[in-house]
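Participant: Take a look at target-v1.pdb, PDB, C-alpha atoms and all ligand atoms:
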ATOM      1  CA  MET O  11     102.856  90.223  82.569  1.00  0.00           C
ATOM      2  CA  LYS O  12     104.350  93.357  84.171  1.00  0.00           C
ATOM      3  CA  LYS O  13     102.074  96.306  84.832  1.00  0.00           C
ATOM      4  CA  ILE O  14     102.813  99.971  84.063  1.00  0.00           C
ATOM      5  CA  LEU O  15     100.768 102.893  85.359  1.00  0.00           C
ATOM      6  CA  VAL O  16     100.642 105.925  83.046  1.00  0.00           C
ATOM      7  CA  ILE O  17      99.572 109.142  84.769  1.00  0.00           C
ATOM      8  CA  HIS O  18      98.600 112.298  82.902  1.00  0.00           C
ATOM      9  CA  GLY O  19      98.313 115.417  85.053  1.00  0.00           C
ATOM     10  CA  PRO O  20      96.147 118.528  84.838  1.00  0.00           C
ATOM     11  CA  ASN O  21      94.914 119.991  81.557  1.00  0.00           C
ATOM     12  CA  LEU O  22      96.315 117.116  79.513  1.00  0.00           C
ATOM     13  CA  ASN O  23      92.701 116.107  78.868  1.00  0.00           C
ATOM     14  CA  LEU O  24      92.625 119.245  76.680  1.00  0.00           C
ATOM     15  CA  LEU O  25      95.424 118.100  74.365  1.00  0.00           C
ATOM     16  CA  GLY O  26      94.592 118.620  70.716  1.00  0.00           C
ATOM     17  CA  GLN O  27      92.976 121.979  71.404  1.00  0.00           C
ATOM     18  CA  ARG O  28      95.443 123.184  74.080  1.00  0.00           C
ATOM     19  CA  GLU O  29      98.266 125.377  72.711  1.00  0.00           C
ATOM     20  CA  PRO O  30      98.980 123.001  69.801  1.00  0.00           C
ATOM     21  CA  SER O  31     102.089 124.966  68.803  1.00  0.00           C
ATOM     22  CA  ILE O  32     103.624 123.877  72.143  1.00  0.00           C
ATOM     23  CA  TYR O  33     101.964 120.530  72.863  1.00  0.00           C
ATOM     24  CA  GLY O  34     101.195 119.245  69.358  1.00  0.00           C
ATOM     25  CA  ALA O  35      97.985 118.240  67.644  1.00  0.00           C
ATOM     26  CA  ALA O  36      97.527 114.793  69.160  1.00  0.00           C
ATOM     27  CA  THR O  37      94.631 114.352  71.567  1.00  0.00           C
ATOM     28  CA  LEU O  38      95.027 112.458  74.838  1.00  0.00           C
ATOM     29  CA  ASP O  39      93.039 109.571  73.322  1.00  0.00           C
ATOM     30  CA  GLU O  40      95.476 109.399  70.415  1.00  0.00           C
ATOM     31  CA  ILE O  41      98.451 109.386  72.798  1.00  0.00           C
ATOM     32  CA  ASN O  42      96.841 106.639  74.866  1.00  0.00           C
ATOM     33  CA  GLN O  43      96.070 104.580  71.751  1.00  0.00           C
ATOM     34  CA  LYS O  44      99.696 104.872  70.642  1.00  0.00           C
ATOM     35  CA  LEU O  45     100.959 103.814  74.089  1.00  0.00           C
ATOM     36  CA  THR O  46      98.524 100.905  74.199  1.00  0.00           C
ATOM     37  CA  LYS O  47      99.785  99.734  70.799  1.00  0.00           C
ATOM     38  CA  VAL O  48     103.453 100.039  71.848  1.00  0.00           C
ATOM     39  CA  ALA O  49     102.771  98.241  75.137  1.00  0.00           C
ATOM     40  CA  GLN O  50     100.770  95.323  73.806  1.00  0.00           C
ATOM     41  CA  ASP O  51     102.711  92.051  73.919  1.00  0.00           C
ATOM     42  CA  PHE O  52     105.168  93.567  76.489  1.00  0.00           C
ATOM     43  CA  VAL O  53     103.237  94.928  79.451  1.00  0.00           C
ATOM     44  CA  GLU O  54      99.782  95.670  80.777  1.00  0.00           C
ATOM     45  CA  LEU O  55      98.995  99.423  80.829  1.00  0.00           C
ATOM     46  CA  VAL O  56      96.756 101.209  83.294  1.00  0.00           C
ATOM     47  CA  ILE O  57      96.103 104.816  82.297  1.00  0.00           C
ATOM     48  CA  LEU O  58      94.866 107.671  84.502  1.00  0.00           C
ATOM     49  CA  GLN O  59      94.301 111.355  83.728  1.00  0.00           C
ATOM     50  CA  SER O  60      93.417 113.682  86.565  1.00  0.00           C
ATOM     51  CA  ASN O  61      93.239 117.402  87.151  1.00  0.00           C
ATOM     52  CA  HIS O  62      93.384 116.794  90.906  1.00  0.00           C
ATOM     53  CA  GLU O  63      96.620 116.485  92.843  1.00  0.00           C
ATOM     54  CA  GLY O  64      95.101 114.217  95.510  1.00  0.00           C
ATOM     55  CA  ASP O  65      93.867 111.707  92.916  1.00  0.00           C
ATOM     56  CA  ILE O  66      97.397 111.463  91.544  1.00  0.00           C
ATOM     57  CA  VAL O  67      98.881 111.102  95.040  1.00  0.00           C
ATOM     58  CA  ASP O  68      96.321 108.341  95.798  1.00  0.00           C
ATOM     59  CA  ALA O  69      97.111 106.447  92.587  1.00  0.00           C
ATOM     60  CA  ILE O  70     100.856 106.540  93.275  1.00  0.00           C
ATOM     61  CA  GLY O  71     100.378 105.577  96.915  1.00  0.00           C
ATOM     62  CA  LYS O  72      98.387 102.459  96.081  1.00  0.00           C
ATOM     63  CA  ALA O  73     100.558 101.461  93.110  1.00  0.00           C
ATOM     64  CA  PRO O  74     102.389  98.735  95.101  1.00  0.00           C
ATOM     65  CA  GLN O  75      99.111  97.101  96.241  1.00  0.00           C
ATOM     66  CA  ASP O  76      97.828  97.387  92.664  1.00  0.00           C
ATOM     67  CA  GLY O  77     100.814  95.390  91.452  1.00  0.00           C
ATOM     68  CA  VAL O  78     102.312  98.259  89.450  1.00  0.00           C
ATOM     69  CA  ASP O  79     105.922  97.572  88.412  1.00  0.00           C
ATOM     70  CA  ALA O  80     106.773 101.010  86.975  1.00  0.00           C
ATOM     71  CA  ILE O  81     105.157 104.418  86.521  1.00  0.00           C
ATOM     72  CA  VAL O  82     105.261 106.862  83.602  1.00  0.00           C
ATOM     73  CA  ILE O  83     104.075 110.287  84.713  1.00  0.00           C
ATOM     74  CA  ASN O  84     103.534 113.604  82.998  1.00  0.00           C
ATOM     75  CA  PRO O  85     102.786 115.654  86.107  1.00  0.00           C
ATOM     76  CA  ALA O  86     102.033 118.697  83.888  1.00  0.00           C
ATOM     77  CA  ALA O  87     101.804 121.901  85.979  1.00  0.00           C
ATOM     78  CA  TYR O  88     102.256 119.881  89.197  1.00  0.00           C
ATOM     79  CA  THR O  89     105.814 119.180  88.006  1.00  0.00           C
ATOM     80  CA  HIS O  90     106.763 122.609  89.211  1.00  0.00           C
ATOM     81  CA  THR O  91     104.767 122.790  92.433  1.00  0.00           C
ATOM     82  CA  SER O  92     103.889 119.458  93.957  1.00  0.00           C
ATOM     83  CA  VAL O  93     105.767 118.336  97.037  1.00  0.00           C
ATOM     84  CA  ALA O  94     102.882 115.877  97.593  1.00  0.00           C
ATOM     85  CA  ILE O  95     103.416 114.053  94.285  1.00  0.00           C
ATOM     86  CA  ARG O  96     107.173 114.116  94.824  1.00  0.00           C
ATOM     87  CA  ASP O  97     106.761 112.607  98.293  1.00  0.00           C
ATOM     88  CA  ALA O  98     104.340 109.936  97.021  1.00  0.00           C
ATOM     89  CA  ILE O  99     106.886 108.793  94.428  1.00  0.00           C
ATOM     90  CA  ALA O 100     109.618 108.784  97.080  1.00  0.00           C
ATOM     91  CA  ALA O 101     107.375 106.800  99.437  1.00  0.00           C
ATOM     92  CA  VAL O 102     106.633 103.883  97.112  1.00  0.00           C
ATOM     93  CA  ASN O 103     109.325 101.678  95.788  1.00  0.00           C
ATOM     94  CA  VAL O 104     108.124 101.849  92.189  1.00  0.00           C
ATOM     95  CA  PRO O 105     110.558 103.112  89.510  1.00  0.00           C
ATOM     96  CA  THR O 106     109.153 106.231  87.886  1.00  0.00           C
ATOM     97  CA  VAL O 107     109.870 107.947  84.569  1.00  0.00           C
ATOM     98  CA  GLU O 108     108.952 111.635  84.192  1.00  0.00           C
ATOM     99  CA  VAL O 109     107.846 112.768  80.729  1.00  0.00           C
ATOM    100  CA  HIS O 110     106.996 116.109  79.136  1.00  0.00           C
ATOM    101  CA  LEU O 111     105.710 116.834  75.658  1.00  0.00           C
ATOM    102  CA  SER O 112     107.511 120.189  75.529  1.00  0.00           C
ATOM    103  CA  ASN O 113     111.130 120.878  76.449  1.00  0.00           C
ATOM    104  CA  ILE O 114     110.515 122.497  79.833  1.00  0.00           C
ATOM    105  CA  TYR O 115     114.077 123.917  79.887  1.00  0.00           C
ATOM    106  CA  LYS O 116     113.424 125.980  76.749  1.00  0.00           C
ATOM    107  CA  ARG O 117     110.353 127.632  78.225  1.00  0.00           C
ATOM    108  CA  GLU O 118     109.537 130.098  81.021  1.00  0.00           C
ATOM    109  CA  ASP O 119     111.888 130.106  84.033  1.00  0.00           C
ATOM    110  CA  PHE O 120     109.224 128.727  86.368  1.00  0.00           C
ATOM    111  CA  ARG O 121     109.117 125.539  84.260  1.00  0.00           C
ATOM    112  CA  HIS O 122     112.855 124.913  84.587  1.00  0.00           C
ATOM    113  CA  HIS O 123     112.553 123.344  88.000  1.00  0.00           C
ATOM    114  CA  SER O 124     110.951 119.942  88.445  1.00  0.00           C
ATOM    115  CA  MET O 125     109.943 118.805  91.924  1.00  0.00           C
ATOM    116  CA  ILE O 126     109.719 115.306  90.473  1.00  0.00           C
ATOM    117  CA  ALA O 127     113.102 114.918  88.759  1.00  0.00           C
ATOM    118  CA  SER O 128     115.037 114.080  91.920  1.00  0.00           C
ATOM    119  CA  VAL O 129     112.779 111.118  92.722  1.00  0.00           C
ATOM    120  CA  ALA O 130     112.330 109.877  89.132  1.00  0.00           C
ATOM    121  CA  VAL O 131     114.753 107.402  87.580  1.00  0.00           C
ATOM    122  CA  GLY O 132     114.974 109.789  84.624  1.00  0.00           C
ATOM    123  CA  GLN O 133     113.173 112.374  82.555  1.00  0.00           C
ATOM    124  CA  VAL O 134     112.210 112.669  78.864  1.00  0.00           C
ATOM    125  CA  SER O 135     111.338 116.205  77.781  1.00  0.00           C
ATOM    126  CA  GLY O 136     110.728 117.882  74.447  1.00  0.00           C
ATOM    127  CA  PHE O 137     109.882 115.119  71.984  1.00  0.00           C
ATOM    128  CA  GLY O 138     106.112 115.584  71.841  1.00  0.00           C
ATOM    129  CA  LEU O 139     104.163 112.336  71.676  1.00  0.00           C
ATOM    130  CA  GLN O 140     107.489 110.532  71.316  1.00  0.00           C
ATOM    131  CA  SER O 141     108.428 111.599  74.883  1.00  0.00           C
ATOM    132  CA  TYR O 142     105.723 109.241  76.110  1.00  0.00           C
ATOM    133  CA  VAL O 143     106.843 106.412  73.832  1.00  0.00           C
ATOM    134  CA  LEU O 144     110.478 106.783  74.955  1.00  0.00           C
ATOM    135  CA  GLY O 145     109.368 107.048  78.576  1.00  0.00           C
ATOM    136  CA  LEU O 146     107.254 103.931  78.205  1.00  0.00           C
ATOM    137  CA  MET O 147     110.171 101.976  76.711  1.00  0.00           C
ATOM    138  CA  ALA O 148     112.333 103.021  79.673  1.00  0.00           C
ATOM    139  CA  ALA O 149     109.569 101.980  82.073  1.00  0.00           C
ATOM    140  CA  VAL O 150     109.244  98.571  80.363  1.00  0.00           C
ATOM    141  CA  ASP O 151     112.971  98.006  80.962  1.00  0.00           C
ATOM    142  CA  LEU O 152     112.654  99.124  84.585  1.00  0.00           C
ATOM    143  CA  ALA O 153     109.584  96.932  85.137  1.00  0.00           C
ATOM    144  CA  GLN O 154     111.350  93.929  83.674  1.00  0.00           C
ATOM    145  CA  GLY O 155     114.473  94.671  85.685  1.00  0.00           C
ATOM    146  CA  THR O 156     116.692  94.598  82.589  1.00  0.00           C
TER     147      THR O 156
HETATM  148  C1  LIG O 201     104.096 119.746  80.392  1.00  0.00           C
HETATM  149  C2  LIG O 201     104.963 120.964  80.739  1.00  0.00           C
HETATM  150  C3  LIG O 201     104.430 121.686  81.953  1.00  0.00           C
HETATM  151  O1  LIG O 201     105.239 122.831  82.256  1.00  0.00           O
HETATM  152  C4  LIG O 201     103.018 122.170  81.708  1.00  0.00           C
HETATM  153  O2  LIG O 201     102.479 122.782  82.860  1.00  0.00           O
HETATM  154  C5  LIG O 201     102.116 121.093  81.201  1.00  0.00           C
HETATM  155  C6  LIG O 201     102.631 120.111  80.250  1.00  0.00           C
HETATM  156  C7  LIG O 201     104.535 119.069  79.086  1.00  0.00           C
HETATM  157  O3  LIG O 201     104.106 117.940  78.848  1.00  0.00           O
HETATM  158  O4  LIG O 201     105.252 119.671  78.275  1.00  0.00           O
HETATM  159  O5  LIG O 201     100.929 121.086  81.496  1.00  0.00           O
HETATM  160  O6  LIG O 201     104.258 118.790  81.432  1.00  0.00           O
END
Let's see the structure in the file written out as structure tokens.

Facilitator:
Amino acid sequence: MKKILVIHGPNLNLLGQREPSIYGAATLDEINQKLTKVAQDFVELVILQSNHEGDIVDAIGKAPQDGVDAIVINPAAYTHTSVAIRDAIAAVNVPTVEVHLSNIYKREDFRHHSMIASVAVGQVSGFGLQSYVLGLMAAVDLAQGT
């Protein structure tokens, strides 16, 4: 069975209570349960949430040794700042899908630029919880090489 690594970046552990008018009411646990349900029968999911850039860089860097076939990442605030996460994705040969709950292009100017977009296969932005589901479906295809 193919393996997909789902990475949630900083402050996404606060979903549910964090600016629900922007990010929705679902908690991170609820999002992870939904993804686990969608993934079952297709792929194995490994899920990580971290508020620390280095942890995310480490997880991406060891994805090939860990047998990861595709990555779904919501880099959260690091989307807009992290050369290190961008370089980690570029360094490993693991297809990566970038997801955002909110539509980052409808928000403040500083959110309009993604450091990650140019190294991701594609991006899903603005569909709330469904962004993750769509991103996961894309990652399943990429992992299976279809
Ligand atoms: C986010 C958008 C980012 O700009 C923000 O910093 C986040 C969440 C999203 O999922 O909409 O933390 O990635």

Participant: Using only C-alpha atoms and all ligand atoms, which residues of chain O come within 7 Å of ligand LIG 201 (chain O), and what is the closest atom pair for each, with the distance in Å to one decimal? Give it as CSV, sorted by chain and residue number.

Facilitator:
residue,atom,partner,partner_atom,distance
O:Pro20,CA,O:LIG201,O5,6.4
O:Asn21,CA,O:LIG201,O5,6.1
O:Leu22,CA,O:LIG201,O5,6.4
O:Tyr33,CA,O:LIG201,O4,6.4
O:Asn84,CA,O:LIG201,O6,5.5
O:Pro85,CA,O:LIG201,O6,5.8
O:Ala86,CA,O:LIG201,O6,3.3
O:Ala87,CA,O:LIG201,O2,3.3
O:Tyr88,CA,O:LIG201,O2,7.0
O:Thr89,CA,O:LIG201,C3,6.7
O:Val109,CA,O:LIG201,O3,6.7
O:His110,CA,O:LIG201,O3,3.4
O:Leu111,CA,O:LIG201,O3,3.7
O:Ser112,CA,O:LIG201,O4,3.6
O:Asn113,CA,O:LIG201,O4,6.3
O:Ile114,CA,O:LIG201,O1,5.8
O:Arg121,CA,O:LIG201,O1,5.1
O:Gly136,CA,O:LIG201,O4,6.9

Participant: What's the separation between CA of Val53 in chain O and CA of Tyr142 in chain O, in Å to one decimal place?

Facilitator: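 It comes out at 14.9 Å.
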
Participant: Fewer than 3 positions away in the same chain doesn't count, so skip those; otherwise give me all residues within 9 Å of Gln27 in chain O, counting all atoms listed in the file, as a count of residues only.

Facilitator: 6

Participant: What residues come out when you apply the PyMOL selection byres (((chain O and resi 105) around 9) and not hetatm) to this file, written as a PyMOL selection string?

Facilitator: chain O and resi 79-82+99+102-104+106-107+129-131+149+152-153

Participant: Output the selection as a PDB file, keeping the file's coordinate frame - C-alpha atoms for each residue.

Facilitator:
ATOM      1  CA  ASP O  79     105.922  97.572  88.412  1.00  0.00           C
ATOM      2  CA  ALA O  80     106.773 101.010  86.975  1.00  0.00           C
ATOM      3  CA  ILE O  81     105.157 104.418  86.521  1.00  0.00           C
ATOM      4  CA  VAL O  82     105.261 106.862  83.602  1.00  0.00           C
ATOM      5  CA  ILE O  99     106.886 108.793  94.428  1.00  0.00           C
ATOM      6  CA  VAL O 102     106.633 103.883  97.112  1.00  0.00           C
ATOM      7  CA  ASN O 103     109.325 101.678  95.788  1.00  0.00           C
ATOM      8  CA  VAL O 104     108.124 101.849  92.189  1.00  0.00           C
ATOM      9  CA  THR O 106     109.153 106.231  87.886  1.00  0.00           C
ATOM     10  CA  VAL O 107     109.870 107.947  84.569  1.00  0.00           C
ATOM     11  CA  VAL O 129     112.779 111.118  92.722  1.00  0.00           C
ATOM     12  CA  ALA O 130     112.330 109.877  89.132  1.00  0.00           C
ATOM     13  CA  VAL O 131     114.753 107.402  87.580  1.00  0.00           C
ATOM     14  CA  ALA O 149     109.569 101.980  82.073  1.00  0.00           C
ATOM     15  CA  LEU O 152     112.654  99.124  84.585  1.00  0.00           C
ATOM     16  CA  ALA O 153     109.584  96.932  85.137  1.00  0.00           C
TER      17      ALA O 153
END

Participant: Would you please work out which residue, of O:Lys12, O:His122, O:Arg96, O:Arg117, is nearest to Glu54 in chain O when using all atoms listed in the file?

Facilitator: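 Selected residue with least distance to Glu54 in chain O: O:Lys12.
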
Participant: Considering all atoms listed in the file, can you say which of O:Ser92, O:Gln43, O:Gln50, O:Ser135 comes closest to Val67 in chain O?

Facilitator: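 Of all the options, O:Ser92 lies closest to Val67 in chain O.
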
Participant: Could you write out as a list in words the residues that the PyMOL selection byres (((chain O and resi 98) around 9) and not hetatm) matches in the shown file?

Facilitator: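 For this structure, the PyMOL selection byres (((chain O and resi 98) around 9) and not hetatm) captures Ile66, Val67, Asp68, Ile70, Gly71, Val93, Ala94, Ile95, Arg96, Asp97, Ile99, Ala100, Ala101 and Val102 of chain O.
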
Participant: So for range 92-107 of chain O, what box centre and size do we get, axis-aligned, 5 Å extra on each of the six sides, every listed atom, Å to one decimal, as lines of an AutoDock Vina configuration file?

Facilitator:
center_x = 106.7
center_y = 110.6
center_z = 92.0
size_x = 17.7
size_y = 27.8
size_z = 24.9

Participant: Give me the residues within 8 Å of Ile57 in chain O as an NGL selection string, counting only C-alpha atoms and dropping any in the same chain fewer than 4 places off.

Facilitator: :O and (15-18 or 42)

Participant: From the set O:Thr91, O:Gln133, O:Gln154, O:Ser124, which residue has the shortest atom-to-atom contact distance to Glu108 in chain O, counting all atoms listed in the file?

Facilitator: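 When distances to Glu108 in chain O are compared using all atoms listed in the file, the smallest one comes from O:Gln133.
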
Participant: Considering all atoms listed in the file, state which residue in the set O:Ile14, O:Ala69, O:Leu139, O:Ala127 is at the smallest distance from Ile41 in chain O.

Facilitator: O:Leu139

Participant: Under the rule that all atoms listed in the file are counted, which of O:Thr46, O:Ser141, O:Ser60, O:Ser128 is the nearest residue to Asn23 in chain O?

Facilitator: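 Closest to Asn23 in chain O of all the choices is O:Ser60.
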
Participant: Quote the spacing between CA of Val143 in chain O and CA of Leu45 in chain O in Å to one decimal place.

Facilitator: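 These two atoms are separated by 6.4 Å.
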
Participant: CA of Phe137 in chain O and CA of Lys116 in chain O, how far apart in Å?

Facilitator: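 Interatomic distance here is 12.4 Å.
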
Participant: For a quick check of understanding, using only C-alpha atoms, which of O:His62, O:Lys44, O:His90, O:Asp51 has the smallest distance to Met125 in chain O?

Facilitator: O:His90
